[in-house]
$ cat query.cif   # mmCIF, C-alpha atoms and all ligand atoms
data_work
#
loop_
_atom_site.label_atom_id
_atom_site.label_comp_id
_atom_site.auth_asym_id
_atom_site.auth_seq_id
_atom_site.Cartn_x
_atom_site.Cartn_y
_atom_site.Cartn_z
CA MET W 1 1.49 1.86 15.72
CA LEU W 2 -1.84 3.28 16.74
CA PRO W 3 -4.68 2.34 14.42
CA SER W 4 -7.34 5.00 14.20
CA GLU W 5 -10.87 5.03 15.45
CA SER W 6 -13.51 7.71 15.39
CA ASN W 7 -13.49 8.50 19.11
CA PRO W 8 -12.70 9.71 21.70
CA ALA W 9 -12.51 13.13 20.12
CA GLY W 10 -9.36 15.08 20.76
CA SER W 11 -7.08 12.06 21.19
CA PRO W 12 -4.29 11.22 18.73
CA ASN W 13 -5.07 9.14 15.68
CA VAL W 14 -8.73 10.11 15.56
CA ASP W 15 -10.08 9.43 12.11
CA PRO W 16 -13.72 10.28 11.34
CA SER W 17 -13.75 7.68 8.54
CA ALA W 18 -12.41 4.86 10.74
CA LEU W 19 -14.17 1.51 10.59
CA ILE W 20 -14.63 -1.03 13.38
CA LYS W 21 -11.98 -3.28 11.83
CA GLU W 22 -9.44 -0.47 12.26
CA GLY W 23 -9.71 -0.50 16.06
CA PRO W 24 -9.26 -0.57 18.90
CA VAL W 25 -6.44 1.98 19.16
CA HIS W 26 -3.51 0.21 20.79
CA SER W 27 0.23 0.63 21.23
CA VAL W 28 2.77 -1.66 19.57
CA THR W 29 6.52 -1.80 20.09
CA VAL W 30 8.20 -2.40 16.76
CA ALA W 31 11.65 -4.00 16.62
CA PRO W 32 14.26 -2.33 14.34
CA PHE W 33 13.74 -3.14 10.68
CA PHE W 34 14.43 -1.79 7.21
CA MET W 35 11.56 -0.86 4.92
CA SER W 36 11.95 -0.28 1.20
CA LYS W 37 11.83 3.36 0.24
CA TYR W 38 9.72 2.42 -2.80
CA GLU W 39 7.11 -0.08 -3.83
CA THR W 40 8.77 -3.01 -5.65
CA THR W 41 9.14 -2.06 -9.30
CA GLN W 42 8.47 -4.02 -12.47
CA GLY W 43 12.17 -3.77 -13.28
CA GLN W 44 13.19 -5.34 -9.97
CA TRP W 45 10.71 -8.19 -10.39
CA LEU W 46 11.85 -8.79 -13.97
CA ARG W 47 15.44 -9.11 -12.78
CA PHE W 48 14.53 -11.47 -9.96
CA THR W 49 12.02 -13.70 -11.78
CA LYS W 50 12.47 -13.03 -15.54
CA ARG W 51 8.75 -12.22 -15.73
CA ASN W 52 6.54 -9.14 -15.53
CA PRO W 53 2.87 -9.96 -14.85
CA SER W 54 1.83 -6.31 -14.34
CA TRP W 55 -1.36 -5.05 -15.99
CA SER W 56 -0.10 -1.48 -16.39
CA GLN W 57 2.92 -3.01 -18.04
CA ALA W 58 6.15 -1.37 -19.11
CA GLY W 59 5.97 -0.44 -22.77
CA LYS W 60 2.21 0.14 -22.83
CA THR W 61 0.59 3.58 -22.91
CA TYR W 62 -2.42 4.52 -20.82
CA GLY W 63 -4.10 7.85 -21.32
CA GLY W 64 -0.97 9.35 -22.86
CA ALA W 65 1.32 8.09 -20.07
CA LEU W 66 3.95 5.54 -21.16
CA VAL W 67 4.56 2.89 -18.50
CA ASN W 68 8.19 2.01 -17.77
CA LEU W 69 10.08 -0.41 -15.52
CA LEU W 70 10.02 2.08 -12.66
CA HIS W 71 6.27 1.61 -12.32
CA PRO W 72 5.27 -0.63 -9.43
CA LEU W 73 4.81 -4.33 -9.89
CA GLU W 74 1.18 -5.45 -9.60
CA GLN W 75 -1.06 -8.35 -10.56
CA VAL W 76 1.17 -10.77 -8.68
CA SER W 77 -0.05 -13.07 -5.92
CA TRP W 78 0.81 -12.82 -2.23
CA GLU W 79 2.02 -16.46 -2.32
CA GLU W 80 4.41 -15.86 -5.18
CA CYS W 81 5.78 -12.67 -3.63
CA ASP W 82 6.31 -14.50 -0.36
CA ARG W 83 8.36 -17.21 -2.11
CA VAL W 84 10.46 -14.70 -4.03
CA LEU W 85 11.05 -12.53 -0.96
CA PHE W 86 12.23 -15.59 0.97
CA ARG W 87 14.80 -16.36 -1.73
CA LEU W 88 16.04 -12.78 -1.48
CA LYS W 89 16.21 -12.92 2.34
CA LEU W 90 13.54 -10.23 2.44
CA ARG W 91 9.94 -10.36 3.69
CA PHE W 92 6.61 -8.57 3.76
CA PRO W 93 6.26 -5.98 6.54
CA SER W 94 3.79 -6.73 9.28
CA GLU W 95 0.78 -4.42 9.44
CA ALA W 96 2.29 -2.79 12.53
CA GLU W 97 5.55 -2.12 10.69
CA TRP W 98 3.70 -0.84 7.65
CA GLU W 99 1.61 1.61 9.65
CA TYR W 100 4.56 2.73 11.76
CA ALA W 101 6.56 3.40 8.60
CA THR W 102 3.66 5.12 6.86
CA ARG W 103 2.74 7.39 9.76
CA ALA W 104 6.42 8.29 10.28
CA GLY W 105 5.63 9.88 13.62
CA THR W 106 2.36 11.50 12.53
CA THR W 107 -0.99 10.93 14.22
CA THR W 108 -3.17 12.45 11.50
CA VAL W 109 -5.45 10.70 9.02
CA TYR W 110 -2.73 10.80 6.34
CA TRP W 111 0.95 11.49 6.97
CA THR W 112 0.31 14.74 5.12
CA GLY W 113 -2.47 15.90 7.49
CA ASN W 114 -6.14 15.37 8.26
CA ASP W 115 -7.57 16.93 5.09
CA LYS W 116 -7.44 14.73 2.02
CA LYS W 117 -6.39 17.72 -0.04
CA SER W 118 -3.13 17.73 1.93
CA LEU W 119 -2.21 14.67 -0.18
CA LYS W 120 -1.65 16.85 -3.24
CA GLY W 121 1.89 16.33 -4.49
CA ALA W 122 2.35 13.22 -2.37
CA VAL W 123 0.06 10.72 -3.99
CA ASN W 124 -1.25 9.00 -7.12
CA LEU W 125 -4.97 8.26 -6.74
CA SER W 126 -8.01 7.92 -8.95
CA ASP W 127 -8.13 11.60 -9.82
CA PHE W 128 -9.17 14.11 -12.44
CA TYR W 129 -6.49 12.76 -14.78
CA THR W 130 -7.82 9.23 -14.41
CA LYS W 131 -11.38 10.39 -15.04
CA THR W 132 -10.47 12.26 -18.19
CA HIS W 133 -8.06 9.66 -19.61
CA GLU W 134 -8.70 6.08 -18.58
CA GLY W 135 -11.50 5.86 -16.04
CA SER W 136 -14.70 3.91 -15.73
CA PRO W 137 -18.01 5.62 -14.83
CA ALA W 138 -18.33 3.42 -11.75
CA TRP W 139 -15.15 4.66 -10.09
CA ASP W 140 -14.70 7.31 -7.44
CA TYR W 141 -12.54 10.24 -8.44
CA GLU W 142 -10.77 12.91 -6.45
CA GLU W 143 -11.49 15.65 -8.94
CA TRP W 144 -9.51 18.25 -6.96
CA LEU W 145 -6.35 16.23 -7.72
CA ASN W 146 -4.53 16.07 -11.06
CA ASP W 147 -1.52 13.78 -10.47
CA GLY W 148 -0.72 13.18 -14.14
CA TYR W 149 -1.23 9.39 -14.22
CA PRO W 150 -4.37 7.43 -15.14
CA THR W 151 -3.06 4.11 -13.76
CA THR W 152 0.17 3.57 -11.82
CA ALA W 153 2.92 6.19 -11.63
CA PRO W 154 6.70 5.53 -11.52
CA VAL W 155 7.69 4.96 -7.89
CA GLY W 156 9.09 8.03 -6.18
CA SER W 157 7.24 10.50 -8.42
CA TYR W 158 5.75 12.33 -5.44
CA ASP W 159 6.90 13.63 -2.06
CA SER W 160 8.19 11.18 0.53
CA ASN W 161 6.91 10.98 4.09
CA PRO W 162 9.14 12.12 7.01
CA PHE W 163 10.87 8.70 7.01
CA GLY W 164 11.75 9.10 3.33
CA LEU W 165 9.24 6.55 2.03
CA HIS W 166 7.36 7.28 -1.19
CA ASP W 167 3.86 6.22 -2.29
CA VAL W 168 2.75 4.77 1.06
CA HIS W 169 -0.59 6.36 0.22
CA GLY W 170 -1.89 5.34 -3.21
CA ASN W 171 -0.20 4.04 -6.38
CA VAL W 172 -0.57 0.32 -5.48
CA TRP W 173 -1.99 -1.38 -2.40
CA GLU W 174 0.83 -3.04 -0.44
CA CYS W 175 0.65 -6.60 0.85
CA CYS W 176 1.46 -7.24 4.49
CA ARG W 177 2.35 -10.48 6.26
CA ASP W 178 -0.69 -10.51 8.54
CA SER W 179 -3.70 -12.76 8.18
CA HIS W 180 -6.98 -10.93 7.75
CA SER W 181 -8.74 -10.05 11.00
CA LEU W 182 -11.91 -8.14 11.83
CA THR W 183 -10.30 -6.24 14.72
CA TYR W 184 -6.89 -5.99 16.35
CA ALA W 185 -8.14 -7.88 19.40
CA ALA W 186 -5.74 -10.81 18.88
CA THR W 187 -2.91 -8.96 17.14
CA PRO W 188 0.56 -9.24 18.75
CA THR W 189 1.87 -6.06 20.38
CA ASP W 190 5.52 -6.79 19.59
CA GLY W 191 5.14 -5.62 15.99
CA SER W 192 5.08 -9.13 14.54
CA ALA W 193 2.38 -10.27 12.12
CA PHE W 194 -0.93 -11.77 13.19
CA GLU W 195 -1.00 -15.31 11.76
CA SER W 196 -4.33 -17.14 11.86
CA LYS W 197 -5.33 -20.64 10.77
CA ASP W 198 -8.91 -19.37 10.40
CA SER W 199 -8.24 -17.07 7.46
CA SER W 200 -6.00 -17.57 4.47
CA ASN W 201 -6.60 -13.97 3.35
CA ARG W 202 -3.84 -11.43 3.88
CA ILE W 203 -3.91 -7.74 4.73
CA ILE W 204 -3.24 -5.02 2.16
CA ARG W 205 -2.64 -1.35 2.98
CA GLY W 206 -2.50 2.10 1.50
CA GLY W 207 -5.05 2.32 -1.32
CA SER W 208 -4.23 2.61 -5.00
CA TRP W 209 -4.41 4.48 -8.29
CA ALA W 210 -7.93 3.10 -8.84
CA GLU W 211 -9.46 4.50 -5.65
CA GLY W 212 -10.03 7.84 -3.98
CA ALA W 213 -8.45 9.17 -0.79
CA GLU W 214 -10.59 7.32 1.76
CA PRO W 215 -9.04 3.83 1.30
CA CYS W 216 -5.51 5.26 1.42
CA ARG W 217 -5.84 6.55 5.02
CA SER W 218 -2.97 5.44 7.29
CA ALA W 219 -5.35 3.23 9.31
CA SER W 220 -7.31 1.78 6.39
CA ARG W 221 -7.14 -2.00 5.97
CA ASN W 222 -8.28 -4.37 3.28
CA SER W 223 -7.46 -7.96 2.34
CA LEU W 224 -6.90 -10.33 -0.55
CA GLY W 225 -6.75 -14.08 -1.06
CA PRO W 226 -3.19 -15.46 -1.12
CA GLY W 227 -3.54 -16.49 -4.77
CA ASP W 228 -5.39 -13.37 -5.97
CA ARG W 229 -3.90 -11.15 -8.64
CA ASP W 230 -5.08 -7.58 -9.08
CA PRO W 231 -3.81 -4.59 -11.10
CA ARG W 232 -4.19 -2.45 -7.98
CA ILE W 233 -2.05 -4.57 -5.65
CA GLY W 234 1.72 -4.84 -5.26
CA PHE W 235 4.05 -4.78 -2.29
CA ARG W 236 7.00 -3.15 -0.52
CA SER W 237 9.71 -5.31 1.02
CA ALA W 238 11.06 -5.27 4.55
CA TYR W 239 14.19 -6.68 6.20
CA SER W 240 14.71 -7.70 9.83
CA LEU W 241 17.66 -6.26 11.72
CA GLN W 242 17.38 -8.75 14.57
CA CA G 301 -3.92 9.20 -10.85
CA CA G 302 1.36 2.33 -2.16
#

$ encode --input "query.cif" --output "structure tokens" --more "lines below"
Ligand SMILES: [Ca+2]
Ligand SMILES: [Ca+2]
Amino acid sequence: MLPSESNPAGSPNVDPSALIKEGPVHSVTVAPFFMSKYETTQGQWLRFTKRNPSWSQAGKTYGGALVNLLHPLEQVSWEECDRVLFRLKLRFPSEAEWEYATRAGTTTVYWTGNDKKSLKGAVNLSDFYTKTHEGSPAWDYEEWLNDGYPTTAPVGSYDSNPFGLHDVHGNVWECCRDSHSLTYAATPTDGSAFESKDSSNRIIRGGSWAEGAEPCRSASRNSLGPGDRDPRIGFRSAYSLQ
């Protein structure tokens, strides 16, 4: 994994929108692991837990789009997901694993390229469809994009990255194992998660249906409290091979 920063120009993983918390660029060796091809769906969660807390919930209609059980789970807390994943012998990916899987060998701003318009056909964001069907005046919209969904989209609706993973950019933010940190200064380089007693917040990655392209950059990082629930946030499971 090589998180982006805005300089030096000409080097891999340069990202003009990079923030200080996304650096410094560093190399990480990731041990073999499996990563879910899709974000966890409402149907999977319903089977595992008998509940579906999602806001864009199966059976409801938003802006003419009927939500079904293939839409991603959201509005579930990091703590609860962690408990359920443990029961299933699965886990959250570390940030390093998430970014490695998302980049899939690419060193550009998005796995699709450096230009946000390269995301067309590969992403569900806050777009023209959202603006004209379900949006709020305060939101940012990518008006050049019309992805057909005002909130979440069924997982796998758009192109996969070169590793075969869908929706790594957009749809729902994806929880990672790592504690929140302001830089990667103390992050392990063996691909494991950064665990800190100083912060209970956890990292989320990849942006969502309620945001534009900037927060869904491969290097972009955000965080949530372990008990927070948000209609924009779900997760993708991982599995250790060692
Ligand atoms: Ca959309
Ligand atoms: Ca996602």

$ residues_near_ligand --input "query.cif" --ligand "ligand CA 302 (chain G)" --cutoff "8 Å" --atoms "all atoms listed in the file" --output "VMD selection string"
chain W and resid 39 166 to 174 205 to 208 234 to 235

$ atom_distance --input "query.cif" --atom1 "atom CA of Asn161 of chain W" --atom2 "atom CA of Gly59 of chain W"
29.2 Å

$ closest_atom_pairs --input "query.cif" --of "chain W" --to "ligand CA 301 (chain G)" --cutoff "8 Å" --atoms "only C-alpha atoms and all ligand atoms" --output "tab-separated table"
residue	atom	partner	partner_atom	distance
W:Asn124	CA	G:CA301	CA	4.6
W:Leu125	CA	G:CA301	CA	4.3
W:Ser126	CA	G:CA301	CA	4.7
W:Asp127	CA	G:CA301	CA	5.0
W:Phe128	CA	G:CA301	CA	7.4
W:Tyr129	CA	G:CA301	CA	5.9
W:Thr130	CA	G:CA301	CA	5.3
W:Asn146	CA	G:CA301	CA	6.9
W:Asp147	CA	G:CA301	CA	5.2
W:Gly148	CA	G:CA301	CA	6.1
W:Tyr149	CA	G:CA301	CA	4.3
W:Pro150	CA	G:CA301	CA	4.7
W:Thr151	CA	G:CA301	CA	5.9
W:Thr152	CA	G:CA301	CA	7.0
W:Ala153	CA	G:CA301	CA	7.5
W:Asn171	CA	G:CA301	CA	7.8
W:Trp209	CA	G:CA301	CA	5.4
W:Ala210	CA	G:CA301	CA	7.6

$ atom_distance --input "query.cif" --atom1 "atom CA of Tyr38 of chain W" --atom2 "atom CA of Ala238 of chain W"
10.7 Å

$ atom_distance --input "query.cif" --atom1 "atom CA of Lys37 of chain W" --atom2 "atom CA of Arg236 of chain W"
8.1 Å

$ residues_near_point --input "query.cif" --point "(11.9, -8.7, -9.5)" --cutoff "12 Å" --atoms "all atoms listed in the file" --output "PyMOL selection string"
chain W and resi 39-54+69-70+72-74+76+80-81+83-85+87-88+234-237

$ closest_residue --input "query.cif" --among "W:Pro154, W:Gly113, W:Pro162, W:Pro188" --to "His71 of chain W" --atoms "only C-alpha atoms"
W:Pro154

$ closest_atom_pairs --input "query.cif" --of "segment 87-168 of chain W" --to "segment 213-220 of chain W" --cutoff "12 Å" --atoms "all atoms listed in the file" --output "CSV"
residue,atom,partner,partner_atom,distance
W:Glu95,CA,W:Ala219,CA,9.8
W:Ala96,CA,W:Ala219,CA,10.2
W:Glu97,CA,W:Ser218,CA,11.9
W:Trp98,CA,W:Ser218,CA,9.2
W:Glu99,CA,W:Ser218,CA,6.4
W:Tyr100,CA,W:Ser218,CA,9.2
W:Ala101,CA,W:Ser218,CA,9.8
W:Thr102,CA,W:Ser218,CA,6.7
W:Arg103,CA,W:Ser218,CA,6.5
W:Ala104,CA,W:Ser218,CA,10.3
W:Gly105,CA,W:Ser218,CA,11.6
W:Thr106,CA,W:Ser218,CA,9.6
W:Thr107,CA,W:Ser218,CA,9.1
W:Thr108,CA,W:Ser218,CA,8.2
W:Val109,CA,W:Arg217,CA,5.8
W:Tyr110,CA,W:Arg217,CA,5.4
W:Trp111,CA,W:Ser218,CA,7.2
W:Thr112,CA,W:Ser218,CA,10.1
W:Gly113,CA,W:Arg217,CA,10.2
W:Asn114,CA,W:Arg217,CA,9.4
W:Asp115,CA,W:Ala213,CA,9.8
W:Lys116,CA,W:Ala213,CA,6.3
W:Lys117,CA,W:Ala213,CA,8.8
W:Ser118,CA,W:Ala213,CA,10.4
W:Leu119,CA,W:Ala213,CA,8.3
W:Lys120,CA,W:Ala213,CA,10.5
W:Ala122,CA,W:Ala213,CA,11.6
W:Val123,CA,W:Ala213,CA,9.2
W:Asn124,CA,W:Ala213,CA,9.6
W:Leu125,CA,W:Ala213,CA,7.0
W:Ser126,CA,W:Ala213,CA,8.3
W:Asp127,CA,W:Ala213,CA,9.4
W:Asp140,CA,W:Ala213,CA,9.3
W:Tyr141,CA,W:Ala213,CA,8.7
W:Glu142,CA,W:Ala213,CA,7.2
W:Glu143,CA,W:Ala213,CA,10.8
W:Trp144,CA,W:Ala213,CA,11.0
W:Leu145,CA,W:Ala213,CA,10.1
W:Asn161,CA,W:Ser218,CA,11.8
W:Asp167,CA,W:Cys216,CA,10.1
W:Val168,CA,W:Cys216,CA,8.3

$ closest_residue --input "query.cif" --among "W:Thr61, W:Ser77, W:Ser94, W:Asn13" --to "Gly227 of chain W" --atoms "all atoms listed in the file"
W:Ser77

$ residues_near_point --input "query.cif" --point "(-1.9, -13.8, 13.3)" --cutoff "6 Å" --atoms "all atoms listed in the file" --output "PDB file with C-alpha atoms, in the frame of the given file"
ATOM      1  CA  ASP W 178      -0.690 -10.510   8.540  1.00  0.00           C
ATOM      2  CA  SER W 179      -3.700 -12.760   8.180  1.00  0.00           C
ATOM      3  CA  ALA W 193       2.380 -10.270  12.120  1.00  0.00           C
ATOM      4  CA  PHE W 194      -0.930 -11.770  13.190  1.00  0.00           C
ATOM      5  CA  GLU W 195      -1.000 -15.310  11.760  1.00  0.00           C
ATOM      6  CA  SER W 196      -4.330 -17.140  11.860  1.00  0.00           C
TER       7      SER W 196
END

$ closest_residue --input "query.cif" --among "W:Ile20, W:Cys175, W:Val25, W:Val67" --to "Val155 of chain W" --atoms "all atoms listed in the file"
W:Val67

$ axis_aligned_box --input "query.cif" --around "segment 28-38 of chain W" --padding-each-side "4 Å" --output "JSON"
{"center_x": 8.6, "center_y": -0.3, "center_z": 8.6, "size_x": 19.7, "size_y": 15.4, "size_z": 30.9}

$ closest_residue --input "query.cif" --among "W:Glu211, W:Val30, W:Tyr184, W:Asn201" --to "Ala138 of chain W" --atoms "all atoms listed in the file"
W:Glu211

$ closest_residue --input "query.cif" --among "W:Trp55, W:Arg177, W:Ser27, W:Asp15" --to "Arg232 of chain W" --atoms "only C-alpha atoms"
W:Trp55
